[in-house]
file structure-v2.cif (mmCIF, C-alpha atoms)
data_my_file
loop_
_atom_site.label_atom_id
_atom_site.label_comp_id
_atom_site.auth_asym_id
_atom_site.auth_seq_id
_atom_site.Cartn_x
_atom_site.Cartn_y
_atom_site.Cartn_z
CA MET A 5 30.83 -105.95 -109.57
CA PRO A 6 30.12 -105.49 -105.85
CA TYR A 7 28.73 -102.19 -104.65
CA VAL A 8 29.19 -101.42 -100.96
CA ASN A 9 27.52 -98.51 -99.20
CA ILE A 10 28.83 -97.61 -95.73
CA LYS A 11 26.63 -95.31 -93.64
CA VAL A 12 28.50 -94.12 -90.57
CA THR A 13 28.32 -91.45 -87.88
CA PRO A 14 31.43 -89.40 -87.09
CA THR A 15 33.93 -90.72 -84.52
CA PRO A 16 35.02 -88.47 -81.61
CA THR A 17 37.93 -87.24 -83.77
CA GLY A 18 36.07 -87.13 -87.09
CA ILE A 19 36.84 -89.36 -90.10
CA THR A 20 39.99 -88.40 -91.97
CA ARG A 21 40.66 -88.75 -95.68
CA GLU A 22 43.21 -91.46 -94.93
CA GLN A 23 40.71 -93.42 -92.86
CA LYS A 24 38.22 -93.28 -95.75
CA ALA A 25 40.93 -94.64 -98.07
CA GLU A 26 41.60 -97.44 -95.56
CA LEU A 27 37.87 -98.29 -95.35
CA ILE A 28 37.66 -98.46 -99.16
CA GLU A 29 40.76 -100.61 -99.43
CA GLY A 30 39.81 -102.88 -96.52
CA VAL A 31 36.29 -103.57 -97.74
CA ALA A 32 37.43 -104.25 -101.32
CA LYS A 33 39.99 -106.71 -99.91
CA VAL A 34 37.33 -108.57 -97.90
CA LEU A 35 35.27 -109.05 -101.07
CA LYS A 36 38.33 -110.31 -102.92
CA ASP A 37 39.42 -112.65 -100.13
CA VAL A 38 35.96 -114.10 -99.46
CA LEU A 39 34.31 -114.11 -102.88
CA GLY A 40 37.26 -113.72 -105.25
CA LYS A 41 35.80 -110.48 -106.62
CA PRO A 42 38.65 -108.53 -108.28
CA GLU A 43 39.21 -105.26 -106.39
CA SER A 44 39.09 -103.44 -109.72
CA LEU A 45 35.37 -104.25 -109.92
CA THR A 46 34.38 -103.08 -106.43
CA THR A 47 32.72 -99.72 -105.77
CA VAL A 48 32.55 -98.37 -102.20
CA VAL A 49 30.54 -95.28 -101.24
CA ILE A 50 30.77 -93.75 -97.75
CA ASP A 51 27.85 -91.71 -96.45
CA GLU A 52 28.67 -89.70 -93.32
CA VAL A 53 25.52 -89.21 -91.26
CA ALA A 54 25.11 -86.46 -88.63
CA LEU A 55 24.42 -87.73 -85.08
CA ASP A 56 21.01 -86.02 -85.03
CA ASN A 57 20.02 -88.05 -88.09
CA TRP A 58 20.85 -91.47 -86.65
CA GLY A 59 18.47 -93.39 -84.40
CA SER A 60 19.40 -96.50 -82.49
CA GLY A 61 17.01 -98.22 -80.09
CA GLY A 62 14.37 -95.63 -80.92
CA LYS A 63 16.55 -92.77 -79.67
CA GLN A 64 18.72 -90.16 -81.37
CA VAL A 65 22.45 -90.88 -80.98
CA GLN A 66 23.81 -88.42 -78.43
CA LYS A 67 27.56 -88.62 -78.89
CA PRO A 68 29.97 -89.99 -81.48
CA VAL A 69 31.04 -93.60 -81.03
CA MET B 7 5.89 -96.19 -108.84
CA PRO B 8 9.60 -96.43 -109.69
CA TYR B 9 12.14 -94.97 -107.29
CA VAL B 10 15.55 -94.17 -108.72
CA ASN B 11 18.55 -93.21 -106.60
CA ILE B 12 21.55 -91.73 -108.43
CA LYS B 13 24.79 -91.58 -106.48
CA VAL B 14 27.37 -89.51 -108.35
CA THR B 15 30.67 -87.71 -107.78
CA PRO B 16 31.06 -84.13 -108.98
CA THR B 17 32.21 -83.48 -112.56
CA PRO B 18 35.17 -81.15 -113.20
CA THR B 19 32.73 -78.22 -113.45
CA GLY B 20 30.34 -79.31 -110.70
CA ILE B 21 26.72 -80.37 -111.26
CA THR B 22 24.36 -77.49 -111.99
CA ARG B 23 20.70 -77.19 -111.06
CA GLU B 24 19.77 -77.49 -114.72
CA GLN B 25 21.79 -80.68 -115.12
CA LYS B 26 20.00 -82.20 -112.12
CA ALA B 27 16.66 -81.30 -113.74
CA GLU B 28 17.85 -82.98 -116.98
CA LEU B 29 18.91 -86.13 -115.08
CA ILE B 30 15.50 -86.31 -113.39
CA GLU B 31 13.65 -85.80 -116.65
CA GLY B 32 15.85 -88.17 -118.65
CA VAL B 33 15.63 -91.03 -116.17
CA ALA B 34 11.84 -90.68 -115.80
CA LYS B 35 11.57 -90.79 -119.61
CA VAL B 36 13.62 -94.00 -119.81
CA LEU B 37 11.24 -95.68 -117.35
CA LYS B 38 8.26 -94.50 -119.36
CA ASP B 39 9.72 -95.54 -122.71
CA VAL B 40 10.93 -98.97 -121.55
CA LEU B 41 8.34 -100.01 -118.96
CA GLY B 42 5.45 -97.67 -119.69
CA LYS B 43 5.64 -96.25 -116.18
CA PRO B 44 3.88 -92.84 -116.18
CA GLU B 45 6.42 -90.11 -115.40
CA SER B 46 4.01 -88.76 -112.78
CA LEU B 47 4.71 -91.89 -110.68
CA THR B 48 8.53 -91.77 -110.83
CA THR B 49 10.67 -90.44 -107.98
CA VAL B 50 14.34 -89.64 -108.59
CA VAL B 51 16.78 -88.74 -105.80
CA ILE B 52 20.31 -87.53 -106.54
CA ASP B 53 23.00 -88.04 -103.90
CA GLU B 54 26.18 -86.07 -104.59
CA VAL B 55 29.16 -87.89 -103.08
CA ALA B 56 32.50 -86.20 -102.28
CA LEU B 57 35.51 -87.68 -104.11
CA ASP B 58 37.12 -88.72 -100.82
CA ASN B 59 34.04 -90.81 -100.06
CA TRP B 60 34.05 -92.80 -103.30
CA GLY B 61 36.21 -95.88 -103.85
CA SER B 62 36.69 -97.58 -107.16
CA GLY B 63 39.03 -100.51 -107.65
CA GLY B 64 39.92 -100.38 -103.97
CA LYS B 65 41.25 -96.82 -104.24
CA GLN B 66 39.85 -93.40 -103.38
CA VAL B 67 38.84 -91.43 -106.49
CA GLN B 68 41.47 -88.75 -107.03
CA LYS B 69 39.86 -86.34 -109.46
CA PRO B 70 36.37 -85.67 -110.77
CA VAL B 71 35.30 -87.60 -113.86
CA MET C 21 31.59 -93.46 -111.37
CA PRO C 22 27.80 -93.08 -111.10
CA TYR C 23 25.83 -95.76 -109.28
CA VAL C 24 22.11 -95.90 -110.07
CA ASN C 25 19.65 -98.03 -108.12
CA ILE C 26 16.22 -98.53 -109.69
CA LYS C 27 13.50 -99.91 -107.40
CA VAL C 28 10.42 -100.87 -109.41
CA THR C 29 7.25 -102.91 -109.09
CA PRO C 30 6.33 -105.35 -111.85
CA THR C 31 4.32 -104.13 -114.86
CA PRO C 32 1.12 -105.99 -115.90
CA THR C 33 3.25 -108.16 -118.21
CA GLY C 34 6.28 -108.50 -115.94
CA ILE C 35 9.75 -107.07 -116.71
CA THR C 36 11.65 -108.99 -119.36
CA ARG C 37 15.42 -109.47 -119.61
CA GLU C 38 15.48 -107.24 -122.67
CA GLN C 39 13.64 -104.47 -120.87
CA LYS C 40 16.19 -104.62 -118.04
CA ALA C 41 18.98 -104.30 -120.64
CA GLU C 42 17.18 -101.27 -122.13
CA LEU C 43 16.81 -99.66 -118.67
CA ILE C 44 20.53 -100.15 -118.01
CA GLU C 45 21.53 -98.78 -121.38
CA GLY C 46 19.06 -95.88 -121.26
CA VAL C 47 20.07 -94.69 -117.79
CA ALA C 48 23.80 -94.94 -118.57
CA LYS C 49 23.16 -92.85 -121.70
CA VAL C 50 21.36 -90.13 -119.71
CA LEU C 51 24.36 -89.83 -117.37
CA LYS C 52 26.70 -89.59 -120.36
CA ASP C 53 24.55 -87.06 -122.20
CA VAL C 54 23.87 -84.83 -119.18
CA LEU C 55 27.06 -85.11 -117.13
CA GLY C 56 29.55 -86.53 -119.62
CA LYS C 57 30.09 -89.58 -117.43
CA PRO C 58 31.57 -92.36 -119.61
CA GLU C 59 29.11 -95.28 -119.81
CA SER C 60 31.97 -97.61 -118.94
CA LEU C 61 32.01 -96.10 -115.42
CA THR C 62 28.27 -96.38 -114.71
CA THR C 63 26.79 -99.14 -112.56
CA VAL C 64 23.02 -99.74 -112.61
CA VAL C 65 21.24 -102.13 -110.21
CA ILE C 66 17.57 -103.00 -110.61
CA ASP C 67 15.60 -104.12 -107.55
CA GLU C 68 12.22 -105.67 -108.40
CA VAL C 69 9.81 -105.10 -105.50
CA ALA C 70 6.65 -107.18 -104.94
CA LEU C 71 3.39 -105.17 -104.96
CA ASP C 72 2.68 -106.10 -101.33
CA ASN C 73 5.99 -104.52 -100.35
CA TRP C 74 5.37 -101.13 -101.98
CA GLY C 75 3.36 -98.36 -100.29
CA SER C 76 2.21 -95.23 -102.04
CA GLY C 77 0.02 -92.63 -100.34
CA GLY C 78 0.04 -94.71 -97.19
CA LYS C 79 -1.56 -97.69 -98.94
CA GLN C 80 -0.24 -100.97 -100.35
CA VAL C 81 -0.13 -100.96 -104.16
CA GLN C 82 -2.99 -103.15 -105.39
CA LYS C 83 -2.19 -103.83 -109.02
CA PRO C 84 0.85 -103.47 -111.26
CA VAL C 85 1.29 -100.14 -113.04
CA MET D 9 17.16 -105.90 -86.54
CA PRO D 10 15.17 -103.53 -88.79
CA TYR D 11 17.02 -100.82 -90.64
CA VAL D 12 14.93 -97.89 -91.83
CA ASN D 13 16.22 -95.20 -94.18
CA ILE D 14 14.11 -92.04 -94.51
CA LYS D 15 14.93 -89.78 -97.45
CA VAL D 16 13.10 -86.47 -97.11
CA THR D 17 13.16 -82.93 -98.50
CA PRO D 18 13.05 -80.00 -96.07
CA THR D 19 9.68 -78.66 -94.91
CA PRO D 20 8.91 -74.91 -95.20
CA THR D 21 10.33 -74.41 -91.69
CA GLY D 22 13.20 -76.88 -91.93
CA ILE D 23 13.48 -80.12 -89.90
CA THR D 24 14.42 -79.57 -86.27
CA ARG D 25 16.47 -81.86 -84.05
CA GLU D 26 13.36 -82.62 -82.02
CA GLN D 27 11.39 -83.60 -85.12
CA LYS D 28 14.18 -85.99 -86.13
CA ALA D 29 13.99 -87.54 -82.64
CA GLU D 30 10.20 -87.90 -83.07
CA LEU D 31 10.63 -89.53 -86.50
CA ILE D 32 13.13 -92.03 -85.05
CA GLU D 33 10.92 -92.82 -82.09
CA GLY D 34 7.72 -93.02 -84.13
CA VAL D 35 9.15 -95.34 -86.79
CA ALA D 36 10.74 -97.65 -84.19
CA LYS D 37 7.35 -97.82 -82.43
CA VAL D 38 5.56 -98.81 -85.65
CA LEU D 39 7.98 -101.71 -86.13
CA LYS D 40 7.44 -102.81 -82.53
CA ASP D 41 3.65 -102.51 -82.70
CA VAL D 42 3.28 -104.25 -86.09
CA LEU D 43 6.08 -106.82 -86.11
CA GLY D 44 7.03 -107.05 -82.43
CA LYS D 45 10.57 -105.95 -83.22
CA PRO D 46 12.15 -104.62 -79.98
CA GLU D 47 12.91 -100.90 -80.37
CA SER D 48 16.41 -101.60 -79.10
CA LEU D 49 17.15 -103.48 -82.34
CA THR D 50 15.88 -100.80 -84.76
CA THR D 51 18.23 -98.45 -86.63
CA VAL D 52 16.80 -95.36 -88.35
CA VAL D 53 18.86 -93.13 -90.64
CA ILE D 54 17.48 -89.83 -91.97
CA ASP D 55 18.89 -88.44 -95.22
CA GLU D 56 17.90 -84.82 -95.87
CA VAL D 57 17.80 -84.19 -99.62
CA ALA D 58 18.02 -80.70 -101.19
CA LEU D 59 14.99 -79.72 -103.30
CA ASP D 60 17.14 -79.46 -106.44
CA ASN D 61 18.13 -83.11 -105.96
CA TRP D 62 14.59 -84.50 -105.75
CA GLY D 63 12.52 -85.29 -108.82
CA SER D 64 8.84 -86.14 -108.75
CA GLY D 65 6.79 -86.69 -111.88
CA GLY D 66 9.90 -86.10 -113.96
CA LYS D 67 10.35 -82.58 -112.61
CA GLN D 68 12.58 -81.01 -109.96
CA VAL D 69 10.71 -80.16 -106.77
CA GLN D 70 10.25 -76.40 -106.68
CA LYS D 71 9.29 -75.67 -103.09
CA PRO D 72 9.37 -77.50 -99.78
CA VAL D 73 6.31 -79.58 -98.92
CA MET E 28 7.87 -86.43 -100.99
CA PRO E 29 9.40 -88.74 -98.36
CA TYR E 30 10.81 -92.08 -99.44
CA VAL E 31 11.19 -94.68 -96.70
CA ASN E 32 13.03 -97.97 -97.17
CA ILE E 33 12.51 -100.64 -94.48
CA LYS E 34 14.96 -103.53 -94.47
CA VAL E 35 13.81 -106.27 -92.12
CA THR E 36 14.43 -109.92 -91.36
CA PRO E 37 11.46 -112.27 -91.05
CA THR E 38 9.75 -112.67 -87.66
CA PRO E 39 9.20 -116.18 -86.19
CA THR E 40 5.81 -116.31 -87.92
CA GLY E 41 6.81 -114.56 -91.13
CA ILE E 42 5.51 -111.13 -92.26
CA THR E 43 1.95 -111.19 -93.57
CA ARG E 44 0.44 -109.00 -96.27
CA GLU E 45 -1.67 -107.25 -93.64
CA GLN E 46 1.38 -106.48 -91.51
CA LYS E 47 3.11 -104.93 -94.54
CA ALA E 48 0.03 -102.76 -95.09
CA GLU E 49 0.16 -101.71 -91.42
CA LEU E 50 3.88 -100.85 -91.69
CA ILE E 51 3.20 -98.72 -94.77
CA GLU E 52 0.28 -96.94 -93.15
CA GLY E 53 2.03 -96.47 -89.79
CA VAL E 54 5.22 -95.01 -91.26
CA ALA E 55 3.31 -92.65 -93.58
CA LYS E 56 1.30 -91.46 -90.55
CA VAL E 57 4.49 -90.74 -88.55
CA LEU E 58 5.78 -88.53 -91.40
CA LYS E 59 2.45 -86.70 -91.53
CA ASP E 60 2.21 -86.24 -87.76
CA VAL E 61 5.83 -85.13 -87.27
CA LEU E 62 6.62 -83.23 -90.46
CA GLY E 63 3.19 -82.53 -91.91
CA LYS E 64 4.05 -84.47 -95.05
CA PRO E 65 0.78 -85.45 -96.78
CA GLU E 66 0.45 -89.26 -96.78
CA SER E 67 -0.33 -89.08 -100.50
CA LEU E 68 3.29 -88.03 -101.13
CA THR E 69 5.00 -90.77 -99.10
CA THR E 70 6.54 -93.86 -100.70
CA VAL E 71 7.46 -96.85 -98.52
CA VAL E 72 9.40 -99.85 -99.81
CA ILE E 73 9.90 -102.98 -97.68
CA ASP E 74 12.90 -105.20 -98.38
CA GLU E 75 12.69 -108.60 -96.66
CA VAL E 76 16.21 -109.88 -95.96
CA ALA E 77 17.04 -113.56 -95.33
CA LEU E 78 18.64 -114.27 -91.91
CA ASP E 79 21.84 -115.53 -93.57
CA ASN E 80 22.20 -112.15 -95.26
CA TRP E 81 21.97 -110.04 -92.11
CA GLY E 82 24.93 -109.40 -89.83
CA SER E 83 24.68 -107.84 -86.41
CA GLY E 84 27.69 -107.45 -84.11
CA GLY E 85 29.88 -109.04 -86.75
CA LYS E 86 27.87 -112.26 -86.71
CA GLN E 87 25.17 -113.75 -88.96
CA VAL E 88 21.71 -113.58 -87.37
CA GLN E 89 20.81 -117.08 -86.26
CA LYS E 90 17.08 -116.96 -85.65
CA PRO E 91 14.21 -114.59 -86.49
CA VAL E 92 13.53 -111.82 -84.00
CA MET F 14 26.52 -97.57 -85.37
CA PRO F 15 27.80 -98.28 -88.91
CA TYR F 16 25.38 -99.76 -91.41
CA VAL F 17 26.94 -101.48 -94.41
CA ASN F 18 24.94 -102.64 -97.43
CA ILE F 19 26.70 -105.00 -99.85
CA LYS F 20 25.06 -105.48 -103.25
CA VAL F 21 26.69 -108.33 -105.13
CA THR F 22 26.07 -110.62 -108.09
CA PRO F 23 26.54 -114.37 -107.64
CA THR F 24 29.99 -115.90 -108.20
CA PRO F 25 30.41 -118.88 -110.58
CA THR F 26 29.84 -121.22 -107.62
CA GLY F 27 27.17 -119.18 -105.85
CA ILE F 28 27.60 -117.51 -102.43
CA THR F 29 27.49 -119.95 -99.51
CA ARG F 30 26.19 -119.30 -96.02
CA GLU F 31 29.73 -119.48 -94.67
CA GLN F 32 30.95 -116.91 -97.19
CA LYS F 33 28.19 -114.53 -96.11
CA ALA F 34 29.29 -115.00 -92.48
CA GLU F 35 32.89 -114.23 -93.54
CA LEU F 36 31.78 -111.09 -95.40
CA ILE F 37 29.87 -109.89 -92.32
CA GLU F 38 32.74 -110.60 -90.00
CA GLY F 39 35.38 -109.15 -92.33
CA VAL F 40 33.54 -105.88 -92.96
CA ALA F 41 32.77 -105.38 -89.24
CA LYS F 42 36.46 -105.92 -88.51
CA VAL F 43 37.52 -103.28 -91.06
CA LEU F 44 35.25 -100.73 -89.38
CA LYS F 45 36.69 -101.62 -85.98
CA ASP F 46 40.31 -101.55 -87.17
CA VAL F 47 39.99 -98.28 -89.13
CA LEU F 48 37.44 -96.27 -87.15
CA GLY F 49 37.40 -98.05 -83.79
CA LYS F 50 33.71 -98.80 -84.18
CA PRO F 51 32.84 -101.72 -81.84
CA GLU F 52 31.75 -104.74 -83.91
CA SER F 53 28.71 -105.07 -81.66
CA LEU F 54 27.36 -101.82 -83.19
CA THR F 55 27.85 -102.74 -86.86
CA THR F 56 24.99 -103.93 -89.07
CA VAL F 57 25.76 -105.56 -92.42
CA VAL F 58 23.08 -106.42 -94.99
CA ILE F 59 23.89 -108.44 -98.12
CA ASP F 60 21.67 -108.03 -101.18
CA GLU F 61 22.22 -110.72 -103.83
CA VAL F 62 21.39 -109.28 -107.27
CA ALA F 63 20.58 -111.45 -110.31
CA LEU F 64 22.94 -110.99 -113.28
CA ASP F 65 20.09 -109.71 -115.47
CA ASN F 66 19.51 -106.93 -112.96
CA TRP F 67 23.08 -105.61 -112.89
CA GLY F 68 24.43 -103.18 -115.48
CA SER F 69 28.07 -102.28 -115.85
CA GLY F 70 29.36 -100.03 -118.62
CA GLY F 71 25.82 -99.66 -119.91
CA LYS F 72 25.47 -103.41 -120.53
CA GLN F 73 23.80 -106.26 -118.63
CA VAL F 74 26.32 -108.51 -116.89
CA GLN F 75 26.53 -111.72 -118.89
CA LYS F 76 28.27 -114.17 -116.58
CA PRO F 77 29.08 -114.33 -112.88
CA VAL F 78 32.41 -112.82 -111.80
#
call {"tool": "encode", "arguments": {"input": "structure-v2.cif", "output": "structure tokens"}}
result
Amino acid sequence: MPYVNIKVTPTPTGITREQKAELIEGVAKVLKDVLGKPESLTTVVIDEVALDNWGSGGKQVQKPV
Amino acid sequence: MPYVNIKVTPTPTGITREQKAELIEGVAKVLKDVLGKPESLTTVVIDEVALDNWGSGGKQVQKPV
Amino acid sequence: MPYVNIKVTPTPTGITREQKAELIEGVAKVLKDVLGKPESLTTVVIDEVALDNWGSGGKQVQKPV
Amino acid sequence: MPYVNIKVTPTPTGITREQKAELIEGVAKVLKDVLGKPESLTTVVIDEVALDNWGSGGKQVQKPV
Amino acid sequence: MPYVNIKVTPTPTGITREQKAELIEGVAKVLKDVLGKPESLTTVVIDEVALDNWGSGGKQVQKPV
Amino acid sequence: MPYVNIKVTPTPTGITREQKAELIEGVAKVLKDVLGKPESLTTVVIDEVALDNWGSGGKQVQKPV
């Protein structure tokens, strides 16, 4: 039943399909390990946000981290 | 006053402009019918999510549903 | 696969358990009718927001609608 | 510690990088002025939503506002 | 048309009704000043998040900021 | 820079403060391990959703999972 939304800016090398699969798997596992939520019930959605659209400390992010 | 956010992966044929209009209209109608919220007050935002970015059951979604 | 988040302020009579069930059912049906998404794949989450916490037109909402 | 998500449709002239920087700065300032939250702790994420994907009053938005 | 969601932890003195009104007004004004969006079209929703439920730097937030 | 929002229904025994800390830590670690994002930059927000407010398969969730 958990729903997890990850909002993230690109990394210097961009985010590959495999990395997205690893994020999905890793987060579902944390919910299973900590709360016993079956991975079959967990939804994960990744939103990739352009640097210009992300503000931290009141400033636009200049380069990927 | 309701705000509804729909996050959805593409269907096999993609989501047309008309279908988005139908989603907006249909959801606003449900809120009017069930809670009496005037459709004029309802905001609906549709986020289309790439398959690679959607995890279900701990796995990346492979094909559109 | 759809995930729908409904943010809503209370109505004059409050939102009953049955009304929440009707919202969930109604929204899942719209996604099936419009996009062919099986209802079994649709997640709906309802966030009830206090009037003080909702701004429309730059002003705090005064009374339930 | 605040996290602010701005979902917005394009304006007639589009949203420039500088305007996004001004939105980020302005919103972080409001949180500092009103709640005393240090701007260094505020995250702002801007989601630009296509007109077709935005419904208001049960209808798709026709032109940028 | 903008929709702004503010997620915030309590301050040491808690967030008053008046402060919420100021947040709503301030954020709507930023969108008008920067993007020319009429304040009448802006929706702001404030989600107050308990300290235990907020993680920063991989740790639970210990005290209100 | 990542922002992660976890929406979750209670478990049969409720979600303890320690479990929330473990969720925060675990998710931040996944983002570091997979994308190299420093844990100091990761924000995690947990929204606990009442069973009545969660729909799965078009139905209200009946009991905690």
call {"tool": "resolve_selection", "arguments": {"input": "structure-v2.cif", "expression": "the PyMOL selection byres ((chain D) within 12 of (chain F))", "output": "count of residues only"}}
result
11
call {"tool": "atom_distance", "arguments": {"input": "structure-v2.cif", "atom1": "atom CA of B:Val67", "atom2": "atom CA of B:Lys26"}}
result
21.7 Å
call {"tool": "calpha_fit_and_write", "arguments": {"input": "structure-v2.cif", "fixed": "chain F", "moving": "chain B", "output": "JSON list (two decimals) with C-alpha atoms, in the frame of the given file"}}
result
[["chain", "number", "residue", "atom", "x", "y", "z"],
["B", 7, "MET", "CA", 26.57, -97.58, -85.37],
["B", 8, "PRO", "CA", 27.79, -98.27, -88.91],
["B", 9, "TYR", "CA", 25.38, -99.75, -91.43],
["B", 10, "VAL", "CA", 26.93, -101.49, -94.42],
["B", 11, "ASN", "CA", 24.94, -102.64, -97.45],
["B", 12, "ILE", "CA", 26.69, -105.01, -99.86],
["B", 13, "LYS", "CA", 25.06, -105.47, -103.24],
["B", 14, "VAL", "CA", 26.69, -108.33, -105.13],
["B", 15, "THR", "CA", 26.07, -110.64, -108.09],
["B", 16, "PRO", "CA", 26.54, -114.38, -107.65],
["B", 17, "THR", "CA", 30.00, -115.90, -108.19],
["B", 18, "PRO", "CA", 30.42, -118.86, -110.56],
["B", 19, "THR", "CA", 29.83, -121.22, -107.61],
["B", 20, "GLY", "CA", 27.16, -119.18, -105.84],
["B", 21, "ILE", "CA", 27.59, -117.52, -102.44],
["B", 22, "THR", "CA", 27.49, -119.93, -99.51],
["B", 23, "ARG", "CA", 26.19, -119.30, -96.01],
["B", 24, "GLU", "CA", 29.73, -119.49, -94.69],
["B", 25, "GLN", "CA", 30.96, -116.91, -97.19],
["B", 26, "LYS", "CA", 28.19, -114.53, -96.11],
["B", 27, "ALA", "CA", 29.27, -115.01, -92.48],
["B", 28, "GLU", "CA", 32.88, -114.23, -93.53],
["B", 29, "LEU", "CA", 31.78, -111.07, -95.39],
["B", 30, "ILE", "CA", 29.86, -109.89, -92.32],
["B", 31, "GLU", "CA", 32.76, -110.60, -90.00],
["B", 32, "GLY", "CA", 35.40, -109.14, -92.31],
["B", 33, "VAL", "CA", 33.55, -105.89, -92.95],
["B", 34, "ALA", "CA", 32.77, -105.38, -89.24],
["B", 35, "LYS", "CA", 36.48, -105.92, -88.50],
["B", 36, "VAL", "CA", 37.52, -103.29, -91.06],
["B", 37, "LEU", "CA", 35.25, -100.73, -89.37],
["B", 38, "LYS", "CA", 36.69, -101.62, -85.99],
["B", 39, "ASP", "CA", 40.30, -101.54, -87.16],
["B", 40, "VAL", "CA", 39.99, -98.28, -89.12],
["B", 41, "LEU", "CA", 37.44, -96.27, -87.13],
["B", 42, "GLY", "CA", 37.41, -98.06, -83.79],
["B", 43, "LYS", "CA", 33.71, -98.82, -84.17],
["B", 44, "PRO", "CA", 32.85, -101.73, -81.83],
["B", 45, "GLU", "CA", 31.76, -104.74, -83.91],
["B", 46, "SER", "CA", 28.71, -105.06, -81.65],
["B", 47, "LEU", "CA", 27.37, -101.81, -83.19],
["B", 48, "THR", "CA", 27.84, -102.74, -86.87],
["B", 49, "THR", "CA", 24.99, -103.93, -89.08],
["B", 50, "VAL", "CA", 25.76, -105.57, -92.43],
["B", 51, "VAL", "CA", 23.08, -106.42, -95.00],
["B", 52, "ILE", "CA", 23.87, -108.45, -98.12],
["B", 53, "ASP", "CA", 21.65, -108.03, -101.18],
["B", 54, "GLU", "CA", 22.21, -110.70, -103.83],
["B", 55, "VAL", "CA", 21.39, -109.29, -107.27],
["B", 56, "ALA", "CA", 20.57, -111.46, -110.31],
["B", 57, "LEU", "CA", 22.94, -110.99, -113.28],
["B", 58, "ASP", "CA", 20.09, -109.72, -115.47],
["B", 59, "ASN", "CA", 19.50, -106.93, -112.95],
["B", 60, "TRP", "CA", 23.07, -105.62, -112.90],
["B", 61, "GLY", "CA", 24.43, -103.20, -115.50],
["B", 62, "SER", "CA", 28.05, -102.27, -115.85],
["B", 63, "GLY", "CA", 29.35, -100.03, -118.60],
["B", 64, "GLY", "CA", 25.82, -99.66, -119.93],
["B", 65, "LYS", "CA", 25.47, -103.41, -120.53],
["B", 66, "GLN", "CA", 23.80, -106.25, -118.65],
["B", 67, "VAL", "CA", 26.33, -108.51, -116.90],
["B", 68, "GLN", "CA", 26.55, -111.72, -118.90],
["B", 69, "LYS", "CA", 28.27, -114.15, -116.57],
["B", 70, "PRO", "CA", 29.09, -114.32, -112.88],
["B", 71, "VAL", "CA", 32.40, -112.81, -111.78]]
call {"tool": "resolve_selection", "arguments": {"input": "structure-v2.cif", "expression": "the PyMOL selection byres ((chain C and resi 45-55) around 8)", "output": "PDB file with C-alpha atoms, in the coordinates of the input"}}
result
ATOM      1  CA  THR B  17      32.210 -83.480-112.560  1.00  0.00           C
ATOM      2  CA  ILE B  21      26.720 -80.370-111.260  1.00  0.00           C
ATOM      3  CA  GLN B  25      21.790 -80.680-115.120  1.00  0.00           C
ATOM      4  CA  GLU B  28      17.850 -82.980-116.980  1.00  0.00           C
ATOM      5  CA  LEU B  29      18.910 -86.130-115.080  1.00  0.00           C
ATOM      6  CA  GLY B  32      15.850 -88.170-118.650  1.00  0.00           C
ATOM      7  CA  VAL B  33      15.630 -91.030-116.170  1.00  0.00           C
ATOM      8  CA  VAL B  36      13.620 -94.000-119.810  1.00  0.00           C
TER       9      VAL B  36
ATOM     10  CA  PRO C  22      27.800 -93.080-111.100  1.00  0.00           C
ATOM     11  CA  ALA C  41      18.980-104.300-120.640  1.00  0.00           C
ATOM     12  CA  GLU C  42      17.180-101.270-122.130  1.00  0.00           C
ATOM     13  CA  LEU C  43      16.810 -99.660-118.670  1.00  0.00           C
ATOM     14  CA  ILE C  44      20.530-100.150-118.010  1.00  0.00           C
ATOM     15  CA  GLY C  56      29.550 -86.530-119.620  1.00  0.00           C
ATOM     16  CA  LYS C  57      30.090 -89.580-117.430  1.00  0.00           C
ATOM     17  CA  PRO C  58      31.570 -92.360-119.610  1.00  0.00           C
ATOM     18  CA  GLU C  59      29.110 -95.280-119.810  1.00  0.00           C
ATOM     19  CA  THR C  62      28.270 -96.380-114.710  1.00  0.00           C
ATOM     20  CA  THR C  63      26.790 -99.140-112.560  1.00  0.00           C
ATOM     21  CA  VAL C  64      23.020 -99.740-112.610  1.00  0.00           C
TER      22      VAL C  64
ATOM     23  CA  GLY F  68      24.430-103.180-115.480  1.00  0.00           C
ATOM     24  CA  GLY F  70      29.360-100.030-118.620  1.00  0.00           C
ATOM     25  CA  GLY F  71      25.820 -99.660-119.910  1.00  0.00           C
ATOM     26  CA  LYS F  72      25.470-103.410-120.530  1.00  0.00           C
TER      27      LYS F  72
END
call {"tool": "atom_distance", "arguments": {"input": "structure-v2.cif", "atom1": "atom CA of C:Pro30", "atom2": "atom CA of C:Asp72"}}
result
11.2 Å
call {"tool": "resolve_selection", "arguments": {"input": "structure-v2.cif", "expression": "the PyMOL selection byres ((chain B and resi 57) around 8)", "output": "mmCIF file with C-alpha atoms, in the frame of the given file"}}
result
data_model
loop_
_atom_site.group_PDB
_atom_site.id
_atom_site.type_symbol
_atom_site.label_atom_id
_atom_site.label_comp_id
_atom_site.auth_asym_id
_atom_site.auth_seq_id
_atom_site.Cartn_x
_atom_site.Cartn_y
_atom_site.Cartn_z
ATOM 1 C CA THR B 15 30.670 -87.710 -107.780
ATOM 2 C CA PRO B 16 31.060 -84.130 -108.980
ATOM 3 C CA VAL B 55 29.160 -87.890 -103.080
ATOM 4 C CA ALA B 56 32.500 -86.200 -102.280
ATOM 5 C CA ASP B 58 37.120 -88.720 -100.820
ATOM 6 C CA ASN B 59 34.040 -90.810 -100.060
ATOM 7 C CA TRP B 60 34.050 -92.800 -103.300
ATOM 8 C CA GLN B 66 39.850 -93.400 -103.380
ATOM 9 C CA VAL B 67 38.840 -91.430 -106.490
ATOM 10 C CA GLN B 68 41.470 -88.750 -107.030
ATOM 11 C CA LYS B 69 39.860 -86.340 -109.460
ATOM 12 C CA PRO B 70 36.370 -85.670 -110.770
#
